[in-house]
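Trainee: Before I ask anything, let me first share the structure, which is written out below as structure tokens.
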Amino acid sequence: NIMIYPVWDAGIGYGYLMAAIAVVHVFISHFAIGGGLYLVVTETRARRRNDQALLAYLPRLSKFFALVTLVAGAITGVGIWFVIGLISPAATEALIHHFVWFWAIEWTFFVVEIAAAILYFYGWTRLSARNHMIIGWIYFIAAWLSLVVINGIVSFMLTPGDWLATGEIWTGYFNPTYWGALAFRTGICIMLAGLVAMLVASREKSPDTRSRISRYNALWTLVGIAIMAPSYRLYWTEIPAEVVKAVHTMMPSPQVYLSMSVWSMVVIAVLVTVIGIVFSRRLHLVSALLLMICGLAFFGEFEWFRESVRKPYVIYGYQYGNGIDLADESKIRTDGLLPHIAYRTGNDGADLFRRACGSCHTIGGYRALKPAFDGTDTMFIAGVIMGTHMMRGNMPPFFGKDTEAKAIARYIHDRLDHRSLTEIYGLSGMELGKKVYAIRCGKCHVIGGYNDKSETIAGASDDDYATLKSSSGELSEFMPGWSGTDEEWNAMIQYLKTLKAGGADATSGL
């Protein structure tokens with residue numbers, strides 16, 4: 001697991017770093033596949049019709065295609081391996097170990113794809129029409145087969161299925177979401193080919209040629225979306241029910257990104273129809289860039305959904321996001337985390353934070369802990385750490401010992417604002433109480449939402465609240481006792497007395 005690897009501190013946060021490279025690379029790689037199909041089909045069409053305007057357009061498109069896919073695609077592809085090896089070495093090792101021959105096959109297709117792309121670009125004036133189109137088909141087939149192979153590994157991370165029980169490699173590879181994901185990603189490839197071709201077509205000088213090519217490209221884009229829509233639905237329905245349930249009850253982010261990606265498809269379809277078909281003669285570089293931005297936004301939303309939906313795992317049911325294998329749980333619970341950390345700095349709190357929390361959280365940057373814990377104390381923070389798996393957001397359990405949770409808590413607390421919540425936020429009365437609830441209780445009990453306890457706490461008597469204060473740490477093994485000030489308690493009770501059972505104040509949770 002990850003504890004045999006040194007840890008690299010990335011101040012901007014692992015998620016942002018990965019997204020900055022991965023989304024761009026995957027966007028380019030999908031365009032590379034769809035663009036290969038677009039080029040060879042369109043070339044075939046143009047040669048059969050002796051369409052000289054289209055034949056003049058295609059070499060310019062293939063030049064843009066070659067520069068983007070061979071240069072930017074290759075650089076970001078290497079960047080992905082560099083980044084995942086640093087931020088998630090345990091998961092990277094697991095995927096290479098279990099799918100080593102699949103990676104080898106994918107890289108073989110990639111070499112053929114690159115060689116064919118180069119030959120295709122330089123072959124416009126050097127090869128016969130027949131041989132040039134053969135090279136084009138070789139390129140597309142190799143590129144698409146590369147997707148066929150890599151799709152099994154990527155989809156495995158979310159839905160390993162029966163592989164968890166059998167260890168059978170083909171069961172893991174042809175996992176429950178394999179076919180839905182393959183159809184969906186193929187549709188994305190076709191859609192992106194149309195969008196990129198639209199961008200190049202916007203530079204055509206002849207309004208008639210620009211209009212004709214624009215309409216053709218718009219149809220390409222719409223065909224891609226027509227494939228994407230039902231296959232996206234299929235992909236979602238093939239995700240295990242327990243994952244879907246966790247999304248609906250504990251994780252708002254995947255729901256947001258899923259909704260955004262669906263609406264982005266609708267927006268792209270509408271804009272392509274209006275810009276590419278209705279007003280095709282007025283296609284401009286700015287409008288074509290707008291479509292490209294929408295395509296990139298869609299891809300970012302989908303990839304963020306795909307990454308976040310499998311929380312708290314990096315490989316569902318096999319390895320948590322912090323790199324700890326489920327198979328090691330009992331050993332770590334017995335030994336603690338520290339004995340399994342090979343690279344130690346002498347600061348146990350810092351080492352434990354990096355191993356247990358650092359893959360998803362920073363103190364003040366990406367998924368910052370500072371806003372969640374400013375104005376609190378080490379006792380409360382340690383209690384939260386011990387109950388991470390109970391919180392909204394679906395985090396991994398903390399397998400370490402109590403002393404290790406306290407060491408992490410001290411490390412976090414040393415970097416917080418130690419003023420009272422009143423001073424930090426300038427609040428008082430009920431507004432202070434609402435903030436206190438959000439920080440002290442709302443991570444696990446969202447009013448009107450996840451694990452809502454308003455049925456029991458709204459409208460309770462002063463004696464009931466006094467009993468809750470004194471016994472809160474005994475109500476659950478993973479619930480920290482009250483350790484705030486009397487001012488904060490009284491303000492929170494003032495807030496709670498305004499609620500009704502099943503209240504809908506979802507903003508009170510963090």
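In the structure tokens, chains take the letters A, B, ... in the order shown, each chain's residues start at 1, and ligands count up from 1 in the order shown.
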Taking 6 positions as the minimum chain separation for residues in the same chain, which residues sit within 10 Å of Trp81 (chain A) when counting only C-alpha atoms? Answer as a ChimeraX atom specification.

Mentor: /A:22,89,92

Trainee: Just write the chosen residues, N, CA and C atoms, as a PDB file, in the first residue's frame.

Mentor:
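Okay, again.pdb is ready:
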ATOM      1  N   ALA A  22      -4.914  15.615 -16.548  1.00  0.00           N
ATOM      2  CA  ALA A  22      -5.692  14.483 -17.046  1.00  0.00           C
ATOM      3  C   ALA A  22      -6.839  14.906 -17.946  1.00  0.00           C
ATOM      4  N   PRO A  89       0.715   6.334  -5.844  1.00  0.00           N
ATOM      5  CA  PRO A  89       1.599   5.250  -6.279  1.00  0.00           C
ATOM      6  C   PRO A  89       1.037   3.864  -6.031  1.00  0.00           C
ATOM      7  N   THR A  92      -1.477   3.113  -8.754  1.00  0.00           N
ATOM      8  CA  THR A  92      -0.753   2.944 -10.016  1.00  0.00           C
ATOM      9  C   THR A  92      -0.091   1.575 -10.065  1.00  0.00           C
TER      10      THR A  92
END

Trainee: Might you pull out every residue within 9 Å of Phe156 (chain A), with only C-alpha atoms counted and same-chain residues fewer than 5 positions away left off, and present them as a count of residues only?

Mentor: 11

Trainee: Name all residues at most 8 Å from region 271-273 of chain A (count only C-alpha atoms; drop same-chain ones fewer than 3 positions away) and give them as a PyMOL selection string.

Mentor: chain A and resi 218+221-222+267-268+276-278+291

Trainee: Produce a file of the selected residues containing N, CA and C atoms, as a compact mmCIF listing (two decimals), in the first residue's frame.

Mentor:
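Output file part_34.txt follows:
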# COMPACT_ATOMS: atom_id res chain seq x y z
N ALA A 218 -21.38 20.00 -37.97
CA ALA A 218 -22.44 20.03 -36.97
C ALA A 218 -23.16 18.69 -36.90
N THR A 221 -21.10 16.29 -34.93
CA THR A 221 -21.23 16.55 -33.50
C THR A 221 -22.54 16.00 -32.95
N LEU A 222 -23.62 16.20 -33.68
CA LEU A 222 -24.93 15.75 -33.23
C LEU A 222 -25.03 14.22 -33.23
N VAL A 267 -26.66 21.86 -24.00
CA VAL A 267 -26.19 23.17 -24.47
C VAL A 267 -25.38 23.03 -25.75
N ILE A 268 -24.48 22.03 -25.78
CA ILE A 268 -23.66 21.82 -26.99
C ILE A 268 -24.55 21.49 -28.18
N GLY A 276 -23.85 25.99 -36.15
CA GLY A 276 -23.32 25.19 -37.25
C GLY A 276 -24.29 24.94 -38.38
N ILE A 277 -25.58 25.04 -38.12
CA ILE A 277 -26.56 24.72 -39.16
C ILE A 277 -27.39 25.95 -39.52
N VAL A 278 -28.06 26.55 -38.55
CA VAL A 278 -28.96 27.67 -38.84
C VAL A 278 -28.18 28.88 -39.35
N LEU A 291 -17.81 26.81 -28.72
CA LEU A 291 -18.20 25.40 -28.75
C LEU A 291 -17.11 24.51 -28.16

Trainee: Please return as number ranges by chain: the residues of region 185-384 of chain A that backbone DSSP assigns to helix (DSSP H, G or I).

Mentor: A: 185-201, 207-237, 241-250, 252-278, 280-282, 285-308, 326-335, 338-340, 348-356, 370-373, 378-384

Trainee: Take the residues just selected and output them with C-alpha atoms as a short mmCIF file (atom, residue, chain, number, x, y, z; two decimals), in the first residue's frame.

Mentor:
data_model
loop_
_atom_site.label_atom_id
_atom_site.label_comp_id
_atom_site.auth_asym_id
_atom_site.auth_seq_id
_atom_site.Cartn_x
_atom_site.Cartn_y
_atom_site.Cartn_z
CA ARG A 185 -16.61 7.40 -24.87
CA THR A 186 -16.96 6.47 -28.55
CA GLY A 187 -19.77 9.00 -28.81
CA ILE A 188 -17.57 11.59 -27.12
CA CYS A 189 -14.83 10.92 -29.69
CA ILE A 190 -17.24 11.60 -32.56
CA MET A 191 -18.66 14.72 -30.90
CA LEU A 192 -15.21 16.21 -30.24
CA ALA A 193 -14.12 15.51 -33.81
CA GLY A 194 -17.02 17.63 -35.01
CA LEU A 195 -16.21 20.47 -32.59
CA VAL A 196 -12.53 20.59 -33.49
CA ALA A 197 -13.30 20.36 -37.20
CA MET A 198 -15.70 23.28 -36.69
CA LEU A 199 -12.87 25.31 -35.20
CA VAL A 200 -10.61 24.74 -38.23
CA ALA A 201 -13.51 25.35 -40.64
CA PRO A 207 -18.55 31.76 -47.02
CA ASP A 208 -20.07 29.00 -49.15
CA THR A 209 -17.33 26.50 -48.32
CA ARG A 210 -17.35 27.49 -44.66
CA SER A 211 -21.15 27.10 -44.50
CA ARG A 212 -21.13 23.69 -46.19
CA ILE A 213 -18.33 22.29 -44.04
CA SER A 214 -19.90 23.80 -40.95
CA ARG A 215 -23.18 21.99 -41.52
CA TYR A 216 -21.32 18.75 -42.15
CA ASN A 217 -19.31 19.18 -38.93
CA ALA A 218 -22.44 20.03 -36.97
CA LEU A 219 -24.01 16.75 -38.07
CA TRP A 220 -20.89 14.90 -36.88
CA THR A 221 -21.23 16.55 -33.50
CA LEU A 222 -24.93 15.75 -33.23
CA VAL A 223 -24.33 12.10 -34.18
CA GLY A 224 -21.81 11.89 -31.35
CA ILE A 225 -24.29 13.37 -28.88
CA ALA A 226 -26.99 10.97 -30.13
CA ILE A 227 -24.68 8.08 -29.20
CA MET A 228 -23.67 9.67 -25.90
CA ALA A 229 -27.14 10.31 -24.49
CA PRO A 230 -28.45 6.70 -24.20
CA SER A 231 -25.02 5.23 -23.40
CA TYR A 232 -24.54 7.73 -20.56
CA ARG A 233 -27.82 6.52 -19.13
CA LEU A 234 -26.67 2.92 -19.57
CA TYR A 235 -23.35 3.72 -17.86
CA TRP A 236 -25.17 5.22 -14.85
CA THR A 237 -27.59 2.28 -14.52
CA ALA A 241 -26.76 0.20 -6.33
CA GLU A 242 -24.67 0.78 -3.20
CA VAL A 243 -22.59 3.37 -5.05
CA VAL A 244 -25.69 5.17 -6.32
CA LYS A 245 -27.20 5.11 -2.83
CA ALA A 246 -24.02 6.61 -1.34
CA VAL A 247 -24.12 9.36 -3.96
CA HIS A 248 -27.70 10.26 -3.13
CA THR A 249 -27.25 10.18 0.63
CA MET A 250 -23.67 11.25 1.32
CA PRO A 252 -23.56 15.98 -3.31
CA SER A 253 -20.57 16.62 -5.61
CA PRO A 254 -21.08 13.67 -8.02
CA GLN A 255 -24.75 14.60 -8.36
CA VAL A 256 -23.79 18.18 -9.23
CA TYR A 257 -21.20 17.12 -11.82
CA LEU A 258 -23.53 14.53 -13.33
CA SER A 259 -26.27 17.12 -13.72
CA MET A 260 -23.83 19.68 -15.13
CA SER A 261 -22.48 17.21 -17.70
CA VAL A 262 -25.98 16.32 -18.89
CA TRP A 263 -26.92 19.97 -19.26
CA SER A 264 -23.62 20.62 -21.06
CA MET A 265 -24.58 18.01 -23.66
CA VAL A 266 -27.89 19.78 -24.17
CA VAL A 267 -26.19 23.17 -24.47
CA ILE A 268 -23.66 21.82 -26.99
CA ALA A 269 -26.44 20.27 -29.09
CA VAL A 270 -28.40 23.54 -29.14
CA LEU A 271 -25.37 25.72 -29.89
CA VAL A 272 -24.13 23.39 -32.64
CA THR A 273 -27.54 23.42 -34.26
CA VAL A 274 -27.79 27.22 -34.11
CA ILE A 275 -24.18 28.09 -34.96
CA GLY A 276 -23.32 25.19 -37.25
CA ILE A 277 -26.56 24.72 -39.16
CA VAL A 278 -28.96 27.67 -38.84
CA SER A 280 -23.57 28.32 -40.75
CA ARG A 281 -22.53 31.12 -43.10
CA ARG A 282 -21.73 33.30 -40.08
CA LEU A 285 -13.57 31.77 -34.79
CA VAL A 286 -15.13 33.15 -31.59
CA SER A 287 -18.28 31.02 -31.88
CA ALA A 288 -16.19 27.95 -32.77
CA LEU A 289 -14.02 28.56 -29.71
CA LEU A 290 -17.17 28.86 -27.60
CA LEU A 291 -18.20 25.40 -28.75
CA MET A 292 -14.73 24.05 -27.91
CA ILE A 293 -14.92 25.55 -24.43
CA CYS A 294 -18.31 23.92 -23.92
CA GLY A 295 -16.84 20.60 -25.03
CA LEU A 296 -13.91 20.92 -22.63
CA ALA A 297 -16.28 21.94 -19.80
CA PHE A 298 -18.42 18.87 -20.48
CA PHE A 299 -15.38 16.64 -20.37
CA GLY A 300 -14.17 18.17 -17.13
CA GLU A 301 -17.61 17.67 -15.56
CA PHE A 302 -17.84 14.05 -16.66
CA GLU A 303 -14.33 13.16 -15.50
CA TRP A 304 -14.88 14.90 -12.17
CA PHE A 305 -18.12 12.94 -11.76
CA ARG A 306 -16.37 9.68 -12.64
CA GLU A 307 -13.56 10.34 -10.17
CA SER A 308 -15.75 11.53 -7.31
CA LEU A 326 -8.95 -3.03 2.48
CA ALA A 327 -7.02 -6.26 2.98
CA ASP A 328 -4.64 -4.43 5.35
CA GLU A 329 -7.40 -3.08 7.61
CA SER A 330 -7.09 -5.59 10.44
CA LYS A 331 -3.29 -5.38 10.50
CA ILE A 332 -3.31 -1.58 10.68
CA ARG A 333 -6.01 -1.54 13.35
CA THR A 334 -3.77 -3.81 15.43
CA ASP A 335 -0.41 -2.16 14.74
CA LEU A 338 3.03 4.56 12.11
CA PRO A 339 4.73 1.14 12.05
CA HIS A 340 3.67 0.78 8.41
CA ASP A 348 4.56 11.89 13.48
CA GLY A 349 1.61 14.25 13.12
CA ALA A 350 2.79 15.44 9.71
CA ASP A 351 3.58 11.90 8.53
CA LEU A 352 0.20 10.59 9.66
CA PHE A 353 -1.62 13.51 8.05
CA ARG A 354 0.12 12.90 4.73
CA ARG A 355 -0.68 9.18 4.79
CA ALA A 356 -4.25 9.29 6.08
CA LYS A 370 -8.89 25.08 7.92
CA PRO A 371 -12.43 26.48 7.31
CA ALA A 372 -13.90 23.32 8.82
CA PHE A 373 -11.82 23.46 12.00
CA THR A 378 -7.72 19.16 19.30
CA MET A 379 -10.24 17.01 21.18
CA PHE A 380 -12.94 17.81 18.65
CA ILE A 381 -10.64 17.36 15.64
CA ALA A 382 -9.42 13.99 16.93
CA GLY A 383 -13.02 12.89 17.41
CA VAL A 384 -13.88 13.87 13.84
#

Trainee: Please provide the set of residues having any atom within 8 Å of Leu86 (chain A), restricted to only C-alpha atoms, with same-chain residues fewer than 4 positions apart removed, written as an MDAnalysis selection string.

Mentor: chainID A and resid 7:8 82

Trainee: Write the residues you've just listed into a file as a PDB file, in the first residue's frame, and include all heavy atoms for each of them.

Mentor:
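And here is the file that came out, out.pdb:
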ATOM      1  N   VAL A   7       6.068  10.360   0.218  1.00  0.00           N
ATOM      2  CA  VAL A   7       4.929  11.206  -0.138  1.00  0.00           C
ATOM      3  C   VAL A   7       5.429  12.527  -0.696  1.00  0.00           C
ATOM      4  O   VAL A   7       6.376  13.115  -0.185  1.00  0.00           O
ATOM      5  CB  VAL A   7       4.028  11.454   1.087  1.00  0.00           C
ATOM      6  CG1 VAL A   7       2.972  12.503   0.776  1.00  0.00           C
ATOM      7  CG2 VAL A   7       3.357  10.150   1.509  1.00  0.00           C
ATOM      8  N   TRP A   8       4.774  12.958  -1.754  1.00  0.00           N
ATOM      9  CA  TRP A   8       5.114  14.223  -2.388  1.00  0.00           C
ATOM     10  C   TRP A   8       4.061  15.248  -2.000  1.00  0.00           C
ATOM     11  O   TRP A   8       2.876  15.041  -2.242  1.00  0.00           O
ATOM     12  CB  TRP A   8       5.146  14.026  -3.900  1.00  0.00           C
ATOM     13  CG  TRP A   8       5.445  15.258  -4.675  1.00  0.00           C
ATOM     14  CD1 TRP A   8       6.533  16.070  -4.560  1.00  0.00           C
ATOM     15  CD2 TRP A   8       4.636  15.813  -5.716  1.00  0.00           C
ATOM     16  NE1 TRP A   8       6.458  17.083  -5.468  1.00  0.00           N
ATOM     17  CE2 TRP A   8       5.315  16.961  -6.188  1.00  0.00           C
ATOM     18  CE3 TRP A   8       3.429  15.454  -6.301  1.00  0.00           C
ATOM     19  CZ2 TRP A   8       4.806  17.744  -7.217  1.00  0.00           C
ATOM     20  CZ3 TRP A   8       2.927  16.234  -7.318  1.00  0.00           C
ATOM     21  CH2 TRP A   8       3.619  17.364  -7.766  1.00  0.00           C
ATOM     22  N   PHE A  82       3.497  10.585 -14.775  1.00  0.00           N
ATOM     23  CA  PHE A  82       4.354  11.242 -13.792  1.00  0.00           C
ATOM     24  C   PHE A  82       3.557  11.627 -12.553  1.00  0.00           C
ATOM     25  O   PHE A  82       3.984  11.375 -11.417  1.00  0.00           O
ATOM     26  CB  PHE A  82       4.993  12.484 -14.428  1.00  0.00           C
ATOM     27  CG  PHE A  82       5.937  13.220 -13.518  1.00  0.00           C
ATOM     28  CD1 PHE A  82       7.214  12.744 -13.285  1.00  0.00           C
ATOM     29  CD2 PHE A  82       5.547  14.391 -12.899  1.00  0.00           C
ATOM     30  CE1 PHE A  82       8.085  13.417 -12.445  1.00  0.00           C
ATOM     31  CE2 PHE A  82       6.403  15.071 -12.052  1.00  0.00           C
ATOM     32  CZ  PHE A  82       7.687  14.584 -11.832  1.00  0.00           C
TER      33      PHE A  82
END

Trainee: What is the CA of Ala342 (chain A) to CA of Met386 (chain A) distance in Å?

Mentor: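 Distance between the two atoms: 22.8 Å.
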
Trainee: Report, in Å to a single decimal, how far apart CA of His132 (chain A) and CA of Thr42 (chain A) are.

Mentor: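 Those two atoms sit 12.7 Å apart.
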
Trainee: Near Ile153 (chain A), counting only C-alpha atoms, which residues have an atom at most 12 Å away, once you skip same-chain residues fewer than 2 positions from it, shown as a count of residues only?

Mentor: 37

Trainee: Which residue gives the smallest distance to Gly358 (chain A) among A:Ala74, A:Leu164, A:Leu67, A:Ile408, with only C-alpha atoms counted?

Mentor: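 Among the listed residues, the smallest separation from Gly358 (chain A) belongs to A:Ile408.
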
Trainee: Find the distance between CA of Phe27 (chain A) and CA of Leu119 (chain A) and write it in Å to one decimal.

Mentor: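 Here the two named atoms are 23.0 Å from each other.
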
Trainee: Which residue, A:Glu43, A:Asp417, A:Asp9, A:Glu168, has the smallest gap to Trp124 (chain A) when you use only C-alpha atoms?

Mentor: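 Using only C-alpha atoms, the shortest distance to Trp124 (chain A) belongs to A:Glu43.
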
Trainee: Show me, as JSON, numbers by chain, the residues that have an atom within 12 Å of region 475-480 of chain A when counting only C-alpha atoms, minus same-chain residues fewer than 3 positions from it.

Mentor: {"A": [377, 378, 379, 380, 381, 382, 383, 384, 385, 386, 387, 388, 389, 390, 391, 397, 398, 402, 440, 441, 443, 444, 445, 467, 468, 469, 470, 471, 472, 483, 484]}

Trainee: Restricting the calculation to only C-alpha atoms, which member of A:Ala165, A:Leu432, A:Leu70, A:Arg130 is positioned closest to Arg48 (chain A)?

Mentor: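 With only C-alpha atoms as the atom set, the closest residue is A:Arg130.
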
Trainee: Quick one: residues within 7 Å of region 433-436 of chain A, only C-alpha atoms counted, chain neighbours fewer than 4 positions away excluded, as a PDB file with N, CA and C atoms, in the first residue's frame?

Mentor:
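Saved file selection-v8.pdb follows:
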ATOM      1  N   GLY A 429     -25.504  35.429  18.549  1.00  0.00           N
ATOM      2  CA  GLY A 429     -26.884  34.978  18.591  1.00  0.00           C
ATOM      3  C   GLY A 429     -27.143  33.785  17.696  1.00  0.00           C
ATOM      4  N   ARG A 440     -19.603  22.059  14.276  1.00  0.00           N
ATOM      5  CA  ARG A 440     -19.535  21.023  15.309  1.00  0.00           C
ATOM      6  C   ARG A 440     -20.397  19.794  14.998  1.00  0.00           C
ATOM      7  N   GLU A 488     -20.917  29.338  22.674  1.00  0.00           N
ATOM      8  CA  GLU A 488     -21.225  28.627  21.436  1.00  0.00           C
ATOM      9  C   GLU A 488     -22.394  27.664  21.640  1.00  0.00           C
ATOM     10  N   ALA A 491     -25.666  29.636  21.894  1.00  0.00           N
ATOM     11  CA  ALA A 491     -26.051  30.160  20.580  1.00  0.00           C
ATOM     12  C   ALA A 491     -26.594  29.043  19.691  1.00  0.00           C
ATOM     13  N   MET A 492     -25.977  27.865  19.755  1.00  0.00           N
ATOM     14  CA  MET A 492     -26.444  26.744  18.939  1.00  0.00           C
ATOM     15  C   MET A 492     -27.837  26.304  19.381  1.00  0.00           C
ATOM     16  N   ILE A 493     -28.085  26.273  20.696  1.00  0.00           N
ATOM     17  CA  ILE A 493     -29.413  25.899  21.179  1.00  0.00           C
ATOM     18  C   ILE A 493     -30.451  26.922  20.733  1.00  0.00           C
ATOM     19  N   GLN A 494     -30.075  28.194  20.734  1.00  0.00           N
ATOM     20  CA  GLN A 494     -30.974  29.244  20.243  1.00  0.00           C
ATOM     21  C   GLN A 494     -31.353  28.973  18.791  1.00  0.00           C
ATOM     22  N   TYR A 495     -30.374  28.550  18.003  1.00  0.00           N
ATOM     23  CA  TYR A 495     -30.632  28.211  16.601  1.00  0.00           C
ATOM     24  C   TYR A 495     -31.524  26.971  16.485  1.00  0.00           C
ATOM     25  N   SER A 508     -26.881  24.572   6.503  1.00  0.00           N
ATOM     26  CA  SER A 508     -26.197  24.509   7.777  1.00  0.00           C
ATOM     27  C   SER A 508     -25.119  23.436   7.817  1.00  0.00           C
TER      28      SER A 508
END
